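Q: File model24.pdb follows (PDB, C-alpha atoms):
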ATOM      1  CA  MET A   1     -58.089  94.360  38.917  1.00  0.00           C
ATOM      2  CA  ASP A   2     -56.033  97.540  38.693  1.00  0.00           C
ATOM      3  CA  ALA A   3     -52.890  95.496  38.136  1.00  0.00           C
ATOM      4  CA  HIS A   4     -54.404  94.193  34.903  1.00  0.00           C
ATOM      5  CA  ARG A   5     -55.986  97.462  33.802  1.00  0.00           C
ATOM      6  CA  ASP A   6     -53.575  97.959  30.892  1.00  0.00           C
ATOM      7  CA  ALA A   7     -53.318  94.298  29.925  1.00  0.00           C
ATOM      8  CA  THR A   8     -53.749  93.567  26.242  1.00  0.00           C
ATOM      9  CA  VAL A   9     -57.175  92.989  24.713  1.00  0.00           C
ATOM     10  CA  ASP A  10     -55.819  91.836  21.322  1.00  0.00           C
ATOM     11  CA  PRO A  11     -58.436  89.280  20.163  1.00  0.00           C
ATOM     12  CA  ALA A  12     -55.903  87.192  18.220  1.00  0.00           C
ATOM     13  CA  LEU A  13     -53.646  86.982  21.246  1.00  0.00           C
ATOM     14  CA  GLU A  14     -56.599  86.069  23.446  1.00  0.00           C
ATOM     15  CA  ASP A  15     -57.286  83.175  21.065  1.00  0.00           C
ATOM     16  CA  GLU A  16     -53.648  82.064  21.340  1.00  0.00           C
ATOM     17  CA  LEU A  17     -53.845  82.178  25.127  1.00  0.00           C
ATOM     18  CA  THR A  18     -57.047  80.164  25.085  1.00  0.00           C
ATOM     19  CA  GLU A  19     -55.340  77.508  22.963  1.00  0.00           C
ATOM     20  CA  ALA A  20     -52.323  77.413  25.294  1.00  0.00           C
ATOM     21  CA  ARG A  21     -54.627  76.859  28.258  1.00  0.00           C
ATOM     22  CA  ARG A  22     -56.396  74.139  26.306  1.00  0.00           C
ATOM     23  CA  ALA A  23     -53.012  72.461  25.835  1.00  0.00           C
ATOM     24  CA  ALA A  24     -52.337  72.778  29.564  1.00  0.00           C
ATOM     25  CA  ASP A  25     -55.656  71.121  30.326  1.00  0.00           C
ATOM     26  CA  TYR A  26     -54.838  68.298  27.926  1.00  0.00           C
ATOM     27  CA  PHE A  27     -51.461  67.673  29.562  1.00  0.00           C
ATOM     28  CA  ARG A  28     -53.010  67.884  33.038  1.00  0.00           C
ATOM     29  CA  ASN A  29     -55.630  65.304  32.100  1.00  0.00           C
ATOM     30  CA  ARG A  30     -52.984  62.892  30.790  1.00  0.00           C
ATOM     31  CA  LEU A  31     -50.945  63.471  33.943  1.00  0.00           C
ATOM     32  CA  ASP A  32     -53.917  62.855  36.211  1.00  0.00           C
ATOM     33  CA  GLU A  33     -54.501  59.492  34.533  1.00  0.00           C
ATOM     34  CA  LEU A  34     -51.157  58.164  35.759  1.00  0.00           C
ATOM     35  CA  GLU A  35     -51.011  56.047  38.884  1.00  0.00           C
ATOM     36  CA  ASP A  36     -48.167  56.859  41.270  1.00  0.00           C
ATOM     37  CA  ASP A  37     -46.268  53.698  40.384  1.00  0.00           C
ATOM     38  CA  GLU A  38     -46.380  54.598  36.671  1.00  0.00           C
ATOM     39  CA  PHE A  39     -44.169  57.686  36.922  1.00  0.00           C
ATOM     40  CA  ALA A  40     -41.010  55.577  36.855  1.00  0.00           C
ATOM     41  CA  ALA A  41     -41.972  53.864  33.581  1.00  0.00           C
ATOM     42  CA  ASP A  42     -40.324  54.819  30.298  1.00  0.00           C
ATOM     43  CA  SER A  43     -41.563  57.819  28.357  1.00  0.00           C
ATOM     44  CA  LEU A  44     -41.258  58.044  24.581  1.00  0.00           C
ATOM     45  CA  LEU A  45     -38.045  60.072  24.970  1.00  0.00           C
ATOM     46  CA  PRO A  46     -34.860  57.977  25.110  1.00  0.00           C
ATOM     47  CA  GLY A  47     -33.387  57.851  28.608  1.00  0.00           C
ATOM     48  CA  TRP A  48     -36.304  59.681  30.215  1.00  0.00           C
ATOM     49  CA  THR A  49     -38.994  58.299  32.477  1.00  0.00           C
ATOM     50  CA  ARG A  50     -42.428  59.842  32.696  1.00  0.00           C
ATOM     51  CA  ALA A  51     -41.187  61.671  35.787  1.00  0.00           C
ATOM     52  CA  HIS A  52     -38.466  63.300  33.657  1.00  0.00           C
ATOM     53  CA  VAL A  53     -41.100  64.517  31.208  1.00  0.00           C
ATOM     54  CA  VAL A  54     -43.292  66.005  33.948  1.00  0.00           C
ATOM     55  CA  ALA A  55     -40.297  67.690  35.596  1.00  0.00           C
ATOM     56  CA  HIS A  56     -39.195  69.133  32.261  1.00  0.00           C
ATOM     57  CA  VAL A  57     -42.674  70.487  31.514  1.00  0.00           C
ATOM     58  CA  GLY A  58     -42.855  72.094  34.952  1.00  0.00           C
ATOM     59  CA  TYR A  59     -39.438  73.705  34.706  1.00  0.00           C
ATOM     60  CA  ASN A  60     -40.150  74.831  31.148  1.00  0.00           C
ATOM     61  CA  ALA A  61     -43.006  76.962  32.515  1.00  0.00           C
ATOM     62  CA  HIS A  62     -40.604  78.550  34.983  1.00  0.00           C
ATOM     63  CA  ALA A  63     -38.116  79.179  32.146  1.00  0.00           C
ATOM     64  CA  LEU A  64     -40.743  80.893  29.994  1.00  0.00           C
ATOM     65  CA  ALA A  65     -41.838  82.900  33.042  1.00  0.00           C
ATOM     66  CA  ARG A  66     -38.278  84.200  33.247  1.00  0.00           C
ATOM     67  CA  LEU A  67     -38.628  85.453  29.669  1.00  0.00           C
ATOM     68  CA  MET A  68     -41.887  87.188  30.559  1.00  0.00           C
ATOM     69  CA  ARG A  69     -40.196  88.912  33.503  1.00  0.00           C
ATOM     70  CA  TRP A  70     -37.371  89.959  31.165  1.00  0.00           C
ATOM     71  CA  ALA A  71     -40.006  91.494  28.888  1.00  0.00           C
ATOM     72  CA  GLU A  72     -41.654  93.218  31.855  1.00  0.00           C
ATOM     73  CA  THR A  73     -38.539  94.669  33.461  1.00  0.00           C
ATOM     74  CA  GLY A  74     -36.063  94.991  30.602  1.00  0.00           C
ATOM     75  CA  ILE A  75     -33.548  93.088  32.750  1.00  0.00           C
ATOM     76  CA  GLU A  76     -32.086  90.223  30.742  1.00  0.00           C
ATOM     77  CA  THR A  77     -33.126  86.949  32.346  1.00  0.00           C
ATOM     78  CA  PRO A  78     -32.196  83.870  30.298  1.00  0.00           C
ATOM     79  CA  MET A  79     -34.381  80.801  30.279  1.00  0.00           C
ATOM     80  CA  TYR A  80     -31.542  78.772  31.812  1.00  0.00           C
ATOM     81  CA  VAL A  81     -28.155  79.641  33.278  1.00  0.00           C
ATOM     82  CA  SER A  82     -26.619  76.915  31.109  1.00  0.00           C
ATOM     83  CA  GLU A  83     -27.544  73.693  29.328  1.00  0.00           C
ATOM     84  CA  ALA A  84     -25.841  71.752  32.105  1.00  0.00           C
ATOM     85  CA  ALA A  85     -27.922  73.536  34.738  1.00  0.00           C
ATOM     86  CA  ARG A  86     -31.076  72.750  32.760  1.00  0.00           C
ATOM     87  CA  ASP A  87     -30.200  69.061  32.564  1.00  0.00           C
ATOM     88  CA  GLU A  88     -29.336  68.898  36.268  1.00  0.00           C
ATOM     89  CA  GLU A  89     -32.640  70.559  37.169  1.00  0.00           C
ATOM     90  CA  ILE A  90     -34.609  67.989  35.174  1.00  0.00           C
ATOM     91  CA  GLU A  91     -32.701  65.086  36.732  1.00  0.00           C
ATOM     92  CA  ALA A  92     -33.365  66.451  40.209  1.00  0.00           C
ATOM     93  CA  GLY A  93     -37.023  66.994  39.346  1.00  0.00           C
ATOM     94  CA  ALA A  94     -37.394  63.433  38.099  1.00  0.00           C
ATOM     95  CA  ALA A  95     -36.502  62.243  41.616  1.00  0.00           C
ATOM     96  CA  LEU A  96     -39.494  64.050  43.156  1.00  0.00           C
ATOM     97  CA  ASP A  97     -42.409  61.951  44.282  1.00  0.00           C
ATOM     98  CA  PRO A  98     -45.614  61.966  42.190  1.00  0.00           C
ATOM     99  CA  GLY A  99     -47.406  64.407  44.484  1.00  0.00           C
ATOM    100  CA  GLN A 100     -44.545  66.880  44.190  1.00  0.00           C
ATOM    101  CA  LEU A 101     -44.508  66.497  40.417  1.00  0.00           C
ATOM    102  CA  HIS A 102     -48.230  67.221  40.242  1.00  0.00           C
ATOM    103  CA  TYR A 103     -47.625  70.356  42.323  1.00  0.00           C
ATOM    104  CA  LEU A 104     -44.634  71.412  40.198  1.00  0.00           C
ATOM    105  CA  PHE A 105     -46.731  71.273  37.043  1.00  0.00           C
ATOM    106  CA  ALA A 106     -49.763  73.076  38.494  1.00  0.00           C
ATOM    107  CA  ASP A 107     -47.790  75.762  40.326  1.00  0.00           C
ATOM    108  CA  SER A 108     -45.452  76.579  37.434  1.00  0.00           C
ATOM    109  CA  GLN A 109     -48.318  76.694  34.938  1.00  0.00           C
ATOM    110  CA  ASP A 110     -50.293  79.043  37.178  1.00  0.00           C
ATOM    111  CA  ALA A 111     -47.266  81.311  37.645  1.00  0.00           C
ATOM    112  CA  LEU A 112     -46.731  81.595  33.894  1.00  0.00           C
ATOM    113  CA  ASP A 113     -50.414  82.193  33.250  1.00  0.00           C
ATOM    114  CA  HIS A 114     -50.430  84.987  35.849  1.00  0.00           C
ATOM    115  CA  LEU A 115     -47.627  86.747  33.975  1.00  0.00           C
ATOM    116  CA  TRP A 116     -49.545  86.362  30.725  1.00  0.00           C
ATOM    117  CA  GLN A 117     -52.699  87.795  32.267  1.00  0.00           C
ATOM    118  CA  ARG A 118     -51.017  90.996  33.385  1.00  0.00           C
ATOM    119  CA  ALA A 119     -48.860  91.564  30.289  1.00  0.00           C
ATOM    120  CA  THR A 120     -49.420  94.793  28.361  1.00  0.00           C
ATOM    121  CA  ASP A 121     -48.918  95.296  24.640  1.00  0.00           C
ATOM    122  CA  ALA A 122     -45.450  96.693  25.358  1.00  0.00           C
ATOM    123  CA  VAL A 123     -44.526  93.563  27.288  1.00  0.00           C
ATOM    124  CA  TRP A 124     -45.824  91.233  24.595  1.00  0.00           C
ATOM    125  CA  SER A 125     -43.789  92.997  21.904  1.00  0.00           C
ATOM    126  CA  ALA A 126     -40.557  93.222  23.949  1.00  0.00           C
ATOM    127  CA  GLU A 127     -37.713  91.145  22.498  1.00  0.00           C
ATOM    128  CA  VAL A 128     -36.342  88.207  24.489  1.00  0.00           C
ATOM    129  CA  LYS A 129     -34.235  85.181  23.492  1.00  0.00           C
ATOM    130  CA  THR A 130     -34.769  81.429  23.545  1.00  0.00           C
ATOM    131  CA  ARG A 131     -32.211  79.047  25.017  1.00  0.00           C
ATOM    132  CA  GLN A 132     -30.872  78.682  21.443  1.00  0.00           C
ATOM    133  CA  ASP A 133     -30.242  82.448  21.580  1.00  0.00           C
ATOM    134  CA  ASP A 134     -32.867  83.169  18.929  1.00  0.00           C
ATOM    135  CA  PRO A 135     -34.519  86.597  19.370  1.00  0.00           C
ATOM    136  CA  LEU A 136     -38.307  86.696  19.463  1.00  0.00           C
ATOM    137  CA  PRO A 137     -41.122  88.781  20.959  1.00  0.00           C
ATOM    138  CA  ALA A 138     -42.423  87.747  24.380  1.00  0.00           C
ATOM    139  CA  ARG A 139     -45.726  86.912  22.688  1.00  0.00           C
ATOM    140  CA  ALA A 140     -44.032  83.840  21.210  1.00  0.00           C
ATOM    141  CA  THR A 141     -43.887  82.279  24.676  1.00  0.00           C
ATOM    142  CA  VAL A 142     -47.582  81.428  24.303  1.00  0.00           C
ATOM    143  CA  TRP A 143     -47.049  79.107  21.341  1.00  0.00           C
ATOM    144  CA  LEU A 144     -43.755  77.801  22.732  1.00  0.00           C
ATOM    145  CA  ARG A 145     -45.614  76.702  25.864  1.00  0.00           C
ATOM    146  CA  ALA A 146     -48.519  75.196  23.949  1.00  0.00           C
ATOM    147  CA  ARG A 147     -46.075  73.277  21.752  1.00  0.00           C
ATOM    148  CA  GLU A 148     -44.300  71.824  24.786  1.00  0.00           C
ATOM    149  CA  LEU A 149     -47.565  70.771  26.380  1.00  0.00           C
ATOM    150  CA  TRP A 150     -49.008  69.056  23.317  1.00  0.00           C
ATOM    151  CA  LEU A 151     -45.818  67.195  22.429  1.00  0.00           C
ATOM    152  CA  HIS A 152     -44.948  66.097  25.934  1.00  0.00           C
ATOM    153  CA  ALA A 153     -48.486  64.916  26.639  1.00  0.00           C
ATOM    154  CA  ILE A 154     -47.743  62.354  23.929  1.00  0.00           C
ATOM    155  CA  ASP A 155     -44.261  61.705  25.337  1.00  0.00           C
ATOM    156  CA  LEU A 156     -45.841  60.577  28.608  1.00  0.00           C
ATOM    157  CA  ASN A 157     -46.440  57.313  26.720  1.00  0.00           C
ATOM    158  CA  SER A 158     -49.833  56.798  28.300  1.00  0.00           C
ATOM    159  CA  GLY A 159     -51.941  56.409  25.173  1.00  0.00           C
ATOM    160  CA  ALA A 160     -52.094  59.914  23.688  1.00  0.00           C
ATOM    161  CA  GLY A 161     -51.138  60.213  20.035  1.00  0.00           C
ATOM    162  CA  PHE A 162     -50.766  62.766  17.278  1.00  0.00           C
ATOM    163  CA  GLY A 163     -54.233  61.894  16.047  1.00  0.00           C
ATOM    164  CA  ASP A 164     -55.547  63.477  19.263  1.00  0.00           C
ATOM    165  CA  LEU A 165     -54.023  66.878  18.506  1.00  0.00           C
ATOM    166  CA  PRO A 166     -56.080  69.590  16.743  1.00  0.00           C
ATOM    167  CA  GLU A 167     -55.322  69.966  13.033  1.00  0.00           C
ATOM    168  CA  ASP A 168     -54.205  73.577  13.427  1.00  0.00           C
ATOM    169  CA  VAL A 169     -51.674  72.503  16.062  1.00  0.00           C
ATOM    170  CA  LEU A 170     -50.247  69.835  13.747  1.00  0.00           C
ATOM    171  CA  ARG A 171     -49.939  72.343  10.899  1.00  0.00           C
ATOM    172  CA  HIS A 172     -48.290  74.905  13.184  1.00  0.00           C
ATOM    173  CA  LEU A 173     -45.780  72.267  14.278  1.00  0.00           C
ATOM    174  CA  LEU A 174     -44.955  71.414  10.667  1.00  0.00           C
ATOM    175  CA  ALA A 175     -44.474  75.098   9.841  1.00  0.00           C
ATOM    176  CA  ASP A 176     -42.025  75.410  12.754  1.00  0.00           C
ATOM    177  CA  ILE A 177     -40.136  72.345  11.584  1.00  0.00           C
ATOM    178  CA  GLU A 178     -39.858  73.495   7.973  1.00  0.00           C
ATOM    179  CA  GLU A 179     -38.582  76.875   9.149  1.00  0.00           C
ATOM    180  CA  SER A 180     -35.970  75.145  11.311  1.00  0.00           C
ATOM    181  CA  TRP A 181     -34.912  72.738   8.574  1.00  0.00           C
ATOM    182  CA  ALA A 182     -34.374  75.623   6.158  1.00  0.00           C
ATOM    183  CA  ARG A 183     -31.503  76.744   8.387  1.00  0.00           C
ATOM    184  CA  HIS A 184     -29.766  73.355   8.618  1.00  0.00           C
ATOM    185  CA  ASP A 185     -27.592  71.603   6.062  1.00  0.00           C
ATOM    186  CA  ASP A 186     -28.674  68.112   7.150  1.00  0.00           C
ATOM    187  CA  ALA A 187     -32.215  68.875   5.953  1.00  0.00           C
ATOM    188  CA  ARG A 188     -31.164  70.266   2.582  1.00  0.00           C
ATOM    189  CA  GLY A 189     -33.289  68.849  -0.236  1.00  0.00           C
ATOM    190  CA  LEU A 190     -36.165  67.908   2.079  1.00  0.00           C
ATOM    191  CA  ALA A 191     -39.739  69.167   1.849  1.00  0.00           C
ATOM    192  CA  LEU A 192     -43.031  68.236   3.428  1.00  0.00           C
ATOM    193  CA  GLY A 193     -45.489  67.576   0.641  1.00  0.00           C
ATOM    194  CA  PRO A 194     -46.974  66.687  -1.581  1.00  0.00           C
ATOM    195  CA  SER A 195     -46.726  69.650  -3.934  1.00  0.00           C
ATOM    196  CA  ALA A 196     -49.011  70.026  -6.947  1.00  0.00           C
ATOM    197  CA  GLY A 197     -46.309  69.391  -9.541  1.00  0.00           C
ATOM    198  CA  GLY A 198     -44.253  66.877  -7.635  1.00  0.00           C
ATOM    199  CA  PRO A 199     -40.802  67.456  -6.128  1.00  0.00           C
ATOM    200  CA  ALA A 200     -38.288  69.661  -7.868  1.00  0.00           C
ATOM    201  CA  PRO A 201     -34.978  68.095  -8.966  1.00  0.00           C
ATOM    202  CA  GLY A 202     -32.781  67.423  -5.952  1.00  0.00           C
ATOM    203  CA  VAL A 203     -35.708  67.468  -3.523  1.00  0.00           C
ATOM    204  CA  THR A 204     -37.345  64.671  -1.583  1.00  0.00           C
ATOM    205  CA  GLU A 205     -40.951  65.240  -0.532  1.00  0.00           C
ATOM    206  CA  VAL A 206     -42.343  63.345   2.436  1.00  0.00           C
ATOM    207  CA  SER A 207     -46.117  63.036   2.494  1.00  0.00           C
ATOM    208  CA  GLY A 208     -48.779  61.096   4.339  1.00  0.00           C
ATOM    209  CA  PRO A 209     -51.659  61.510   6.793  1.00  0.00           C
ATOM    210  CA  LEU A 210     -51.172  64.689   8.824  1.00  0.00           C
ATOM    211  CA  PRO A 211     -50.787  63.022  12.263  1.00  0.00           C
ATOM    212  CA  GLU A 212     -48.265  60.456  10.988  1.00  0.00           C
ATOM    213  CA  LEU A 213     -46.359  63.067   8.993  1.00  0.00           C
ATOM    214  CA  THR A 214     -46.117  65.303  12.062  1.00  0.00           C
ATOM    215  CA  ALA A 215     -45.017  62.407  14.270  1.00  0.00           C
ATOM    216  CA  TRP A 216     -42.231  61.648  11.790  1.00  0.00           C
ATOM    217  CA  ALA A 217     -41.147  65.265  11.443  1.00  0.00           C
ATOM    218  CA  VAL A 218     -40.829  65.751  15.211  1.00  0.00           C
ATOM    219  CA  GLY A 219     -38.836  62.542  15.561  1.00  0.00           C
ATOM    220  CA  ARG A 220     -41.529  60.396  17.158  1.00  0.00           C
ATOM    221  CA  ALA A 221     -42.643  58.101  14.332  1.00  0.00           C
ATOM    222  CA  ARG A 222     -43.104  54.476  15.324  1.00  0.00           C
ATOM    223  CA  SER A 223     -43.450  53.364  11.700  1.00  0.00           C
ATOM    224  CA  LEU A 224     -42.796  54.813   8.238  1.00  0.00           C
ATOM    225  CA  ALA A 225     -45.377  52.562   6.581  1.00  0.00           C
ATOM    226  CA  SER A 226     -47.941  55.338   6.080  1.00  0.00           C
ATOM    227  CA  LEU A 227     -45.439  57.834   4.627  1.00  0.00           C
ATOM    228  CA  ARG A 228     -44.313  58.324   1.059  1.00  0.00           C
ATOM    229  CA  PHE A 229     -40.820  59.536   0.136  1.00  0.00           C
ATOM    230  CA  THR A 230     -40.754  60.965  -3.397  1.00  0.00           C
ATOM    231  CA  GLY A 231     -37.826  62.510  -5.258  1.00  0.00           C
ATOM    232  CA  ASP A 232     -34.054  62.293  -5.351  1.00  0.00           C
ATOM    233  CA  GLY A 233     -32.965  64.859  -2.794  1.00  0.00           C
ATOM    234  CA  TRP A 234     -32.555  64.362   0.944  1.00  0.00           C
ATOM    235  CA  ASN A 235     -31.347  60.859   1.827  1.00  0.00           C
ATOM    236  CA  GLY A 236     -31.470  59.930  -1.843  1.00  0.00           C
ATOM    237  CA  GLY A 237     -35.237  59.709  -1.627  1.00  0.00           C
ATOM    238  CA  GLU A 238     -34.996  56.726   0.724  1.00  0.00           C
ATOM    239  CA  PRO A 239     -37.059  56.520   3.941  1.00  0.00           C
ATOM    240  CA  GLY A 240     -35.210  57.519   7.092  1.00  0.00           C
ATOM    241  CA  ASP A 241     -35.452  59.323  10.411  1.00  0.00           C
ATOM    242  CA  ALA A 242     -36.266  63.011  10.158  1.00  0.00           C
ATOM    243  CA  PRO A 243     -33.457  65.530  10.700  1.00  0.00           C
ATOM    244  CA  THR A 244     -33.227  67.239  14.062  1.00  0.00           C
ATOM    245  CA  TRP A 245     -35.356  70.382  14.279  1.00  0.00           C
ATOM    246  CA  LEU A 246     -34.723  71.633  17.854  1.00  0.00           C
TER     247      LEU A 246
END
What does the file become when written as structure tokens?

A:
Amino acid sequence: MDAHRDATVDPALEDELTEARRAADYFRNRLDELEDDEFAADSLLPGWTRAHVVAHVGYNAHALARLMRWAETGIETPMYVSEAARDEEIEAGAALDPGQLHYLFADSQDALDHLWQRATDAVWSAEVKTRQDDPLPARATVWLRARELWLHAIDLNSGAGFGDLPEDVLRHLLADIEESWARHDDARGLALGPSAGGPAPGVTEVSGPLPELTAWAVGRARSLASLRFTGDGWNGGEPGDAPTWL
């Protein structure tokens, strides 16, 4: 108890942590539904099996835990030594048996949650960096983890869909994507709509039901039939795959 005596009591942050744990429970439930012989089946991510997805989610928790330790100690500890090392770790993890993958997920999630539980306000506000070298406060690890869990629960390709995600999660994802697109030339002239007055000249608005729009924006749309592309900007206003956002 003493170790957590100075831990934050920020109500907004407590809500964020609760939502991240809800996402962890959702992923765990989807994982628990898989039979052992289903781990080798294809996920929704090209070239990855379900085992790859589970390994990635487990190692992502360890990577975010490294950022939390950086925030705690002030000693720079990157998420990954290199992109190659990250890829090799996932490939090795995908070769684990289902029991080991279940343990990897549970153990890594618990380790990250323990670091969250003991973090003080100073730790939460300490600046760390993502693997893209973007600076951010350690507090951002909570949403980054929740985002991974929600998206990759769908990537397990076991029946979960964007319609299962809470509306606030979908809107948070779209806000992240729009912020990312604003920094990339290949998304110039693209907006998620609709806006009240219609698209401005040189802009294409993509609109549709929130789950389908989010699935498209994160690169996981199975069909564009429910989406509307309006305007003369990005891609000439023609339907197409969404630009990369991560």

Q: Got a sec to resolve the PyMOL selection byres ((chain A and resi 169) around 10) on this structure and send the residues as a list in words?

A: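 When the PyMOL selection byres ((chain A and resi 169) around 10) is applied, the selected residues are Glu19, Ala23, Trp143, Ala146, Arg147, Trp150, Phe162, Leu165, Pro166, Glu167, Asp168, Leu170, Arg171, His172, Leu173, Leu174, Ala175 and Thr214 of chain A.
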
Q: Quick one: distance from atom CA of Asp113 of chain A to atom CA of Ala65 of chain A in Å, one decimal?

A: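 Between these atoms lies a distance of 8.6 Å.
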
Q: Hey, what's within 7 Å of segment 55-63 of chain A if we count only C-alpha atoms and toss same-chain stuff fewer than 2 positions away? As a PyMOL selection string, please?

A: chain A and resi 51-53+65-67+79-80+90+93-94+101+104-105+108-109+112

Q: Export C-alpha atoms of the chosen residues as a compact mmCIF listing (two decimals), in the coordinates of the input?

A:
# COMPACT_ATOMS: atom_id res chain seq x y z
CA ALA A 51 -41.19 61.67 35.79
CA HIS A 52 -38.47 63.30 33.66
CA VAL A 53 -41.10 64.52 31.21
CA ALA A 65 -41.84 82.90 33.04
CA ARG A 66 -38.28 84.20 33.25
CA LEU A 67 -38.63 85.45 29.67
CA MET A 79 -34.38 80.80 30.28
CA TYR A 80 -31.54 78.77 31.81
CA ILE A 90 -34.61 67.99 35.17
CA GLY A 93 -37.02 66.99 39.35
CA ALA A 94 -37.39 63.43 38.10
CA LEU A 101 -44.51 66.50 40.42
CA LEU A 104 -44.63 71.41 40.20
CA PHE A 105 -46.73 71.27 37.04
CA SER A 108 -45.45 76.58 37.43
CA GLN A 109 -48.32 76.69 34.94
CA LEU A 112 -46.73 81.60 33.89

Q: So which residues are close to (-37.1, 73.4, -5.7), meaning at most 12 Å away in the file's coordinates with all atoms listed in the file counted, and can you show them as a list in words?

A: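 Within 12 Å of (-37.1, 73.4, -5.7), the protein and nucleic acid residues are Arg188, Gly189, Leu190, Ala191, Ser195, Gly197, Gly198, Pro199, Ala200, Pro201, Gly202, Val203, Thr204, Glu205, Gly231, Asp232 and Gly233 of chain A.
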
Q: Would you pick out the contacts of Ala138 of chain A at 10 Å or less, using all atoms listed in the file, so that residues sharing its chain but fewer than 6 positions from it are not included, and give the list as a list in words?

A: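 What passes the distance filter is Leu64, Ala65, Leu67, Met68, Arg69, Trp70, Ala71, Glu72, Trp116, Ala119, Asp121, Ala122, Val123, Trp124, Ser125, Ala126, Glu127, Val128, Lys129 and Thr130 of chain A.
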
Q: For Pro98 of chain A, which of A:Ala40, A:Ala85, A:Ala215, A:Ala242 is the closest residue, counting only C-alpha atoms?

A: A:Ala40

Q: Would you mind listing what lies within 12 Å of Asp37 of chain A as a ChimeraX atom specification, with all atoms listed in the file counted and same-chain residues fewer than 4 positions away left out?

A: /A:33,41-42,49-51,97-99

Q: List as a list in words the protein and nucleic acid residues near Arg22 of chain A, meaning an atom at most 10 Å away when all atoms listed in the file are counted, but skip any in the same chain fewer than 4 places from it.

A: Glu16, Leu17, Thr18, Tyr26, Phe27, Arg28, Ala146, Leu149 and Trp150 of chain A

Q: Calculate how many Å separate atom CA of Leu227 of chain A from atom CA of Leu156 of chain A, rounding to one decimal.

A: 24.1 Å

Q: If you apply the PyMOL selection byres ((chain A and resi 246) around 10) to this file, what residues do you get, as a list in words?

A: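 When the PyMOL selection byres ((chain A and resi 246) around 10) is applied, the selected residues are Gln132, Asp176, Ile177, Ser180, Trp181, Val218, Pro243, Thr244 and Trp245 of chain A.
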
Q: Work out how far atom CA of Val54 of chain A is from atom CA of Glu38 of chain A, in Å to one decimal.

A: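 About the pair atom CA of Glu38 of chain A and atom CA of Val54 of chain A: they are 12.1 Å apart.
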
Q: Just need the box for segment 139-156 of chain A, edges along x, y and z, holding every atom the file lists for it with 5 Å tacked onto each side, so centre and edge lengths in Å to one decimal, as AutoDock Vina command-line options.

A:
--center_x -46.4 --center_y 73.7 --center_z 24.9 --size_x 15.3 --size_y 36.3 --size_z 17.4
